Amino acid sequence: MTFDLKSYLAHQQTRVQEALEKLLPRTDAMPPVLHDSIRYSVLAPGKRLRPILVLASAEAVGGHSEDVMKTACALECIHAFSLIHDDLPCMDNDDYRRGRLTNHKVYGDAMALLAGDALLAFAFQLIAENMDTAPADRILPTLHLIARASGTWGMVGGQVVDMQSQGHDFTPEILQYIHAHKTGALLTASVLAGAMLCGGTKAQIDSLKRYGEHIGLAFQIADDILDITGDQDKLGKPIGSDEERDKATFPKLFGLEESRRRAHEEVRLALTTLESFEERAEPLRAIARYIIERDL
């Protein structure tokens, strides 16, 4: 039977959305404007790819996805923090995200900055609260993994090199670094977190790490391509911004066709890392294929 990814994603997105609704600070708690700003961005329509990867990897190693839901939501909070800050005038200065005004356009620069700060801290609170379903000796490595993937060794470090590369010549090595850190690090951490919390074996964790690295690169190559060829209404943000800012991208360095080939190759390699996994890993396989089926 063919795996129905569309139904799986819709179901998991609903579960994550409901969990976020319950876990995020309420707008009747002090300070309400901060909490309103937080909920505005986190609860905006989105793919929820990172939390879904946490849930899917938990299932792939024989765990229960409900047991890692708080950590799944934490990954979405970190992702939302990064988007809020990326959109600020001092960074990308974007007016729209996920089809609606960006946070700072609604709440102002200072509140958007503070909302992002609060979300990063709240994410680690949620991971620590996963203690009700996972032992401390699994929580601690997961905290370390996600902290490393979020900061200078991961997402933030990649963003810095991305900004420094704008308008300058860049090498394939620099491009690889940007994509592996700015996007790939948090995606890989999402894949590993669910498996680690559910007691995945060393062999399983090693395989999932390679899977995460390959889909992370494929995902960002696909995003580079979609910024040129995508539909603005579907993407929920303006297209052509990478070229306008003269950013370091795969199409700029290799052209569209070679970029498509490389994205497909990364997905093929990702699928080979799951060969030892049983049917429970089918969502991960389908998600890898989905990355290069997004109107490329």
# chains A, B, ... in the order shown; residues from 1 in each chain; ligands from 1
>>> residues_around(residues="His168 of chain A", least_positions_apart="5", cutoff="9 Å", atoms="only C-alpha atoms", output="compact mmCIF listing (two decimals) with N, CA and C atoms, in the first residue's frame")
# COMPACT_ATOMS: atom_id res chain seq x y z
N ASP A 246 21.45 39.57 -3.67
CA ASP A 246 22.72 38.99 -4.14
C ASP A 246 23.26 37.99 -3.13
N LYS A 247 22.38 37.06 -2.73
CA LYS A 247 22.74 36.07 -1.71
C LYS A 247 23.47 34.87 -2.32
N ALA A 248 24.17 34.15 -1.48
CA ALA A 248 24.88 32.95 -1.91
C ALA A 248 23.87 31.81 -2.01
>>> residues_around(residues="Ala74 of chain A", least_positions_apart="2", cutoff="6 Å", atoms="only C-alpha atoms", output="ChimeraX atom specification")
/A:71-72,76-77,123,126
>>> write_last_selection(atoms="N, CA and C atoms", output="tab-separated table (two decimals), in the first residue's frame")
chain	number	residue	atom	x	y	z
A	71	THR	N	8.96	18.52	23.00
A	71	THR	CA	10.20	18.82	22.28
A	71	THR	C	9.91	19.16	20.82
A	72	ALA	N	8.94	18.50	20.23
A	72	ALA	CA	8.53	18.84	18.86
A	72	ALA	C	8.09	20.30	18.79
A	76	GLU	N	9.62	23.96	16.84
A	76	GLU	CA	8.84	24.95	16.09
A	76	GLU	C	9.03	26.35	16.69
A	77	CYS	N	9.17	26.44	18.00
A	77	CYS	CA	9.40	27.73	18.64
A	77	CYS	C	10.76	28.31	18.24
A	123	ALA	N	11.58	27.53	24.35
A	123	ALA	CA	11.84	26.24	23.71
A	123	ALA	C	12.62	25.32	24.64
A	126	LEU	N	10.48	23.93	27.36
A	126	LEU	CA	9.66	22.82	26.90
A	126	LEU	C	10.45	21.52	26.83
>>> closest_residue(among="A:Ser65, A:Ser82, A:Ser241, A:Gln176", to="His214 of chain A", atoms="only C-alpha atoms")
A:Gln176
>>> select_by_dssp(residues="segment 82-203 of chain A", states="alpha helix (DSSP H)", output="MDAnalysis selection string")
chainID A and resid 82:86 103:107 109:128 136:150 155:165 172:179 185:197 202:203
>>> atom_distance(atom1="atom CA of Arg39 of chain A", atom2="atom CA of Asn103 of chain A")
10.1 Å
>>> closest_residue(among="A:His64, A:Ala118, A:Thr2, A:His264", to="Thr133 of chain A", atoms="only C-alpha atoms")
A:His64
>>> atom_distance(atom1="atom CA of Gly200 of chain A", atom2="atom CA of Phe277 of chain A")
11.4 Å
>>> select_by_dssp(residues="segment 84-194 of chain A", states="strand (DSSP E or B)", output="PDB file with N, CA and C atoms, in the first residue's frame")
ATOM      1  N   TYR A  96       6.402  40.329   4.597  1.00  0.00           N
ATOM      2  CA  TYR A  96       5.434  39.223   4.638  1.00  0.00           C
ATOM      3  C   TYR A  96       6.118  37.897   4.950  1.00  0.00           C
ATOM      4  N   ARG A  97       5.414  37.079   5.707  1.00  0.00           N
ATOM      5  CA  ARG A  97       5.882  35.740   6.075  1.00  0.00           C
ATOM      6  C   ARG A  97       4.645  34.857   6.217  1.00  0.00           C
ATOM      7  N   ARG A 100       1.216  36.512   5.558  1.00  0.00           N
ATOM      8  CA  ARG A 100       0.681  37.600   6.386  1.00  0.00           C
ATOM      9  C   ARG A 100       1.815  38.536   6.768  1.00  0.00           C
ATOM     10  N   LEU A 101       1.466  39.708   7.300  1.00  0.00           N
ATOM     11  CA  LEU A 101       2.483  40.674   7.691  1.00  0.00           C
ATOM     12  C   LEU A 101       3.449  40.055   8.705  1.00  0.00           C
TER      13      LEU A 101
END
>>> residues_around(residues="Leu271 of chain A", least_positions_apart="2", cutoff="8 Å", atoms="only C-alpha atoms", output="list in words")
Tyr211, Val267, Arg268, Leu269, Thr273, Leu274, Glu275, Arg285 and Ala288 of chain A
>>> write_last_selection(atoms="C-alpha atoms", output="PDB file, in the first residue's frame")
ATOM      1  CA  TYR A 211      19.471  11.339   6.867  1.00  0.00           C
ATOM      2  CA  VAL A 267      17.280  12.919  -1.341  1.00  0.00           C
ATOM      3  CA  ARG A 268      18.554   9.663  -2.873  1.00  0.00           C
ATOM      4  CA  LEU A 269      21.358   9.578  -0.326  1.00  0.00           C
ATOM      5  CA  THR A 273      20.388   5.879   5.201  1.00  0.00           C
ATOM      6  CA  LEU A 274      16.983   4.404   6.092  1.00  0.00           C
ATOM      7  CA  GLU A 275      17.480   1.015   4.429  1.00  0.00           C
ATOM      8  CA  ARG A 285      11.099   8.339   3.509  1.00  0.00           C
ATOM      9  CA  ALA A 288      12.490  13.166   1.930  1.00  0.00           C
TER      10      ALA A 288
END
>>> closest_residue(among="A:Gly46, A:Pro251, A:Pro141, A:Gly99", to="Gly194 of chain A", atoms="only C-alpha atoms")
A:Pro141
>>> residues_around(residues="segment 10-25 of chain A", least_positions_apart="6", cutoff="10 Å", atoms="only C-alpha atoms", output="ChimeraX atom specification")
/A:31-32,34-36,38-39,42-49,51-53,55-56,65-66,69-70,72-74,76-77,119,122-123,126
>>> closest_residue(among="A:Leu88, A:Val68, A:Ala80, A:Ile221", to="Gly108 of chain A", atoms="only C-alpha atoms")
A:Leu88
>>> closest_atom_pairs(of="segment 170-248 of chain A", to="segment 148-151 of chain A", cutoff="12 Å", atoms="only C-alpha atoms", output="CSV")
residue,atom,partner,partner_atom,distance
A:Ala180,CA,A:Ala149,CA,10.3
A:His181,CA,A:Ala149,CA,7.7
A:Lys182,CA,A:Ser150,CA,8.8
A:Thr183,CA,A:Ala149,CA,9.5
A:Gly184,CA,A:Ala149,CA,8.8
A:Ala185,CA,A:Ala149,CA,5.1
A:Leu186,CA,A:Ala149,CA,5.4
A:Leu187,CA,A:Ala149,CA,8.8
A:Thr188,CA,A:Ala149,CA,8.3
A:Ala189,CA,A:Ala149,CA,6.5
A:Ser190,CA,A:Ala149,CA,9.5
A:Val191,CA,A:Ala149,CA,11.9
A:Leu192,CA,A:Ala149,CA,11.2
A:Ala193,CA,A:Ala149,CA,11.2
A:Glu213,CA,A:Ala149,CA,11.9
>>> atom_distance(atom1="atom CA of Gly62 of chain A", atom2="atom CA of Ala270 of chain A")
19.8 Å
>>> closest_residue(among="A:Ala29, A:Leu113, A:Ile225, A:Ala195", to="Asp86 of chain A", atoms="only C-alpha atoms")
A:Leu113
>>> residues_around(residues="Tyr107 of chain A", least_positions_apart="3", cutoff="9 Å", atoms="only C-alpha atoms", output="count of residues only")
9
>>> residues_around(residues="Val160 of chain A", least_positions_apart="3", cutoff="12 Å", atoms="only C-alpha atoms", output="short mmCIF file (atom, residue, chain, number, x, y, z; two decimals) with C-alpha atoms, in the first residue's frame")
data_model
loop_
_atom_site.label_atom_id
_atom_site.label_comp_id
_atom_site.auth_asym_id
_atom_site.auth_seq_id
_atom_site.Cartn_x
_atom_site.Cartn_y
_atom_site.Cartn_z
CA ASP A 86 15.36 37.16 10.06
CA MET A 91 18.39 41.57 8.75
CA GLY A 151 23.58 28.83 18.06
CA THR A 152 27.02 29.70 16.76
CA TRP A 153 27.76 26.08 15.75
CA GLY A 154 24.52 25.85 13.81
CA MET A 155 21.70 28.13 12.71
CA VAL A 156 23.03 31.47 13.99
CA GLY A 157 26.53 30.78 12.69
CA MET A 163 24.83 37.75 5.60
CA GLN A 164 28.58 38.25 5.12
CA SER A 165 28.43 36.52 1.73
CA GLN A 166 25.77 38.81 0.28
CA ILE A 174 31.15 28.55 1.83
CA TYR A 177 28.68 25.75 5.18
CA ILE A 178 25.79 28.24 5.00
CA HIS A 179 23.20 25.64 4.06
CA HIS A 181 24.35 25.36 9.36
CA LYS A 182 21.60 27.89 8.69
#
>>> closest_residue(among="A:Ile84, A:Leu175, A:Met196, A:Val161", to="Arg98 of chain A", atoms="only C-alpha atoms")
A:Ile84
>>> decode(residues="segment 186-233 of chain A", atoms="N, CA and C atoms", output="CSV table (one decimal), in the first residue's frame")
chain,number,residue,atom,x,y,z
A,186,LEU,N,19.3,22.6,12.3
A,186,LEU,CA,18.1,22.4,13.1
A,186,LEU,C,17.2,21.3,12.5
A,187,LEU,N,17.2,21.1,11.2
A,187,LEU,CA,16.5,20.0,10.7
A,187,LEU,C,17.1,18.6,11.2
A,188,THR,N,18.4,18.6,11.2
A,188,THR,CA,19.1,17.3,11.7
A,188,THR,C,18.8,17.1,13.1
A,189,ALA,N,18.8,18.2,13.9
A,189,ALA,CA,18.5,18.1,15.3
A,189,ALA,C,17.1,17.7,15.5
A,190,SER,N,16.2,18.1,14.7
A,190,SER,CA,14.8,17.7,14.8
A,190,SER,C,14.6,16.2,14.6
A,191,VAL,N,15.3,15.7,13.6
A,191,VAL,CA,15.3,14.2,13.3
A,191,VAL,C,15.9,13.4,14.4
A,192,LEU,N,17.0,13.9,15.0
A,192,LEU,CA,17.7,13.2,16.1
A,192,LEU,C,16.9,13.2,17.4
A,193,ALA,N,16.3,14.4,17.7
A,193,ALA,CA,15.7,14.6,19.0
A,193,ALA,C,14.6,13.5,19.3
A,194,GLY,N,13.7,13.2,18.4
A,194,GLY,CA,12.7,12.2,18.7
A,194,GLY,C,13.3,10.9,18.9
A,195,ALA,N,14.3,10.5,18.1
A,195,ALA,CA,14.9,9.2,18.2
A,195,ALA,C,15.7,9.1,19.6
A,196,MET,N,16.4,10.1,19.9
A,196,MET,CA,17.2,10.1,21.2
A,196,MET,C,16.3,10.0,22.4
A,197,LEU,N,15.2,10.8,22.4
A,197,LEU,CA,14.3,10.7,23.5
A,197,LEU,C,13.6,9.4,23.7
A,198,CYS,N,13.4,8.7,22.6
A,198,CYS,CA,12.7,7.4,22.6
A,198,CYS,C,13.7,6.2,22.7
A,199,GLY,N,15.0,6.5,22.9
A,199,GLY,CA,15.9,5.4,23.1
A,199,GLY,C,16.4,4.7,21.9
A,200,GLY,N,16.6,5.4,20.8
A,200,GLY,CA,17.1,4.8,19.6
A,200,GLY,C,18.5,4.3,19.8
A,201,THR,N,18.9,3.3,19.1
A,201,THR,CA,20.2,2.7,19.2
A,201,THR,C,21.3,3.6,18.6
A,202,LYS,N,22.5,3.4,18.9
A,202,LYS,CA,23.6,4.2,18.3
A,202,LYS,C,23.6,4.0,16.8
A,203,ALA,N,23.3,2.8,16.3
A,203,ALA,CA,23.3,2.7,14.8
A,203,ALA,C,22.1,3.4,14.2
A,204,GLN,N,21.0,3.4,14.9
A,204,GLN,CA,19.8,4.2,14.4
A,204,GLN,C,20.1,5.7,14.4
A,205,ILE,N,20.7,6.2,15.5
A,205,ILE,CA,21.0,7.6,15.6
A,205,ILE,C,22.0,8.0,14.5
A,206,ASP,N,23.0,7.2,14.3
A,206,ASP,CA,24.0,7.5,13.3
A,206,ASP,C,23.4,7.6,11.9
A,207,SER,N,22.5,6.7,11.6
A,207,SER,CA,21.8,6.7,10.3
A,207,SER,C,20.9,7.9,10.2
A,208,LEU,N,20.2,8.2,11.2
A,208,LEU,CA,19.3,9.4,11.2
A,208,LEU,C,20.0,10.7,11.1
A,209,LYS,N,21.2,10.7,11.7
A,209,LYS,CA,22.1,11.9,11.5
A,209,LYS,C,22.4,12.2,10.1
A,210,ARG,N,22.8,11.1,9.4
A,210,ARG,CA,23.1,11.3,7.9
A,210,ARG,C,21.9,11.6,7.2
A,211,TYR,N,20.7,11.0,7.5
A,211,TYR,CA,19.5,11.3,6.9
A,211,TYR,C,19.2,12.8,7.0
A,212,GLY,N,19.3,13.3,8.3
A,212,GLY,CA,19.0,14.7,8.5
A,212,GLY,C,19.9,15.7,7.7
A,213,GLU,N,21.2,15.3,7.7
A,213,GLU,CA,22.1,16.2,6.9
A,213,GLU,C,21.8,16.2,5.4
A,214,HIS,N,21.4,15.1,4.9
A,214,HIS,CA,21.0,15.1,3.4
A,214,HIS,C,19.7,15.8,3.2
A,215,ILE,N,18.7,15.6,4.0
A,215,ILE,CA,17.4,16.3,3.7
A,215,ILE,C,17.6,17.8,4.0
A,216,GLY,N,18.4,18.1,5.0
A,216,GLY,CA,18.6,19.6,5.3
A,216,GLY,C,19.2,20.3,4.1
A,217,LEU,N,20.2,19.7,3.4
A,217,LEU,CA,20.8,20.3,2.2
A,217,LEU,C,19.8,20.3,1.1
A,218,ALA,N,19.1,19.2,0.9
A,218,ALA,CA,18.1,19.1,-0.2
A,218,ALA,C,17.0,20.2,0.0
A,219,PHE,N,16.6,20.4,1.2
A,219,PHE,CA,15.6,21.4,1.5
A,219,PHE,C,16.0,22.8,1.2
A,220,GLN,N,17.2,23.1,1.5
A,220,GLN,CA,17.7,24.5,1.3
A,220,GLN,C,18.0,24.7,-0.2
A,221,ILE,N,18.5,23.7,-0.9
A,221,ILE,CA,18.6,23.8,-2.4
A,221,ILE,C,17.3,24.1,-3.0
A,222,ALA,N,16.3,23.3,-2.5
A,222,ALA,CA,14.9,23.4,-3.1
A,222,ALA,C,14.4,24.9,-2.8
A,223,ASP,N,14.7,25.4,-1.6
A,223,ASP,CA,14.2,26.8,-1.3
A,223,ASP,C,14.9,27.8,-2.2
A,224,ASP,N,16.2,27.5,-2.5
A,224,ASP,CA,16.9,28.4,-3.4
A,224,ASP,C,16.3,28.4,-4.8
A,225,ILE,N,15.9,27.2,-5.2
A,225,ILE,CA,15.3,27.1,-6.6
A,225,ILE,C,13.9,27.8,-6.5
A,226,LEU,N,13.1,27.5,-5.5
A,226,LEU,CA,11.7,28.1,-5.4
A,226,LEU,C,11.8,29.6,-5.3
A,227,ASP,N,12.8,30.2,-4.8
A,227,ASP,CA,12.9,31.6,-4.8
A,227,ASP,C,13.0,32.2,-6.2
A,228,ILE,N,13.3,31.4,-7.2
A,228,ILE,CA,13.4,31.8,-8.6
A,228,ILE,C,12.1,31.4,-9.3
A,229,THR,N,11.7,30.1,-9.1
A,229,THR,CA,10.6,29.5,-9.9
A,229,THR,C,9.3,29.4,-9.2
A,230,GLY,N,9.3,29.7,-7.9
A,230,GLY,CA,8.1,29.4,-7.1
A,230,GLY,C,6.9,30.3,-7.3
A,231,ASP,N,5.8,30.0,-6.8
A,231,ASP,CA,4.6,30.7,-6.8
A,231,ASP,C,4.5,31.5,-5.5
A,232,GLN,N,4.4,32.8,-5.6
A,232,GLN,CA,4.4,33.7,-4.4
A,232,GLN,C,3.2,33.4,-3.5
A,233,ASP,N,2.1,33.1,-4.1
A,233,ASP,CA,0.9,32.8,-3.3
A,233,ASP,C,1.0,31.5,-2.5
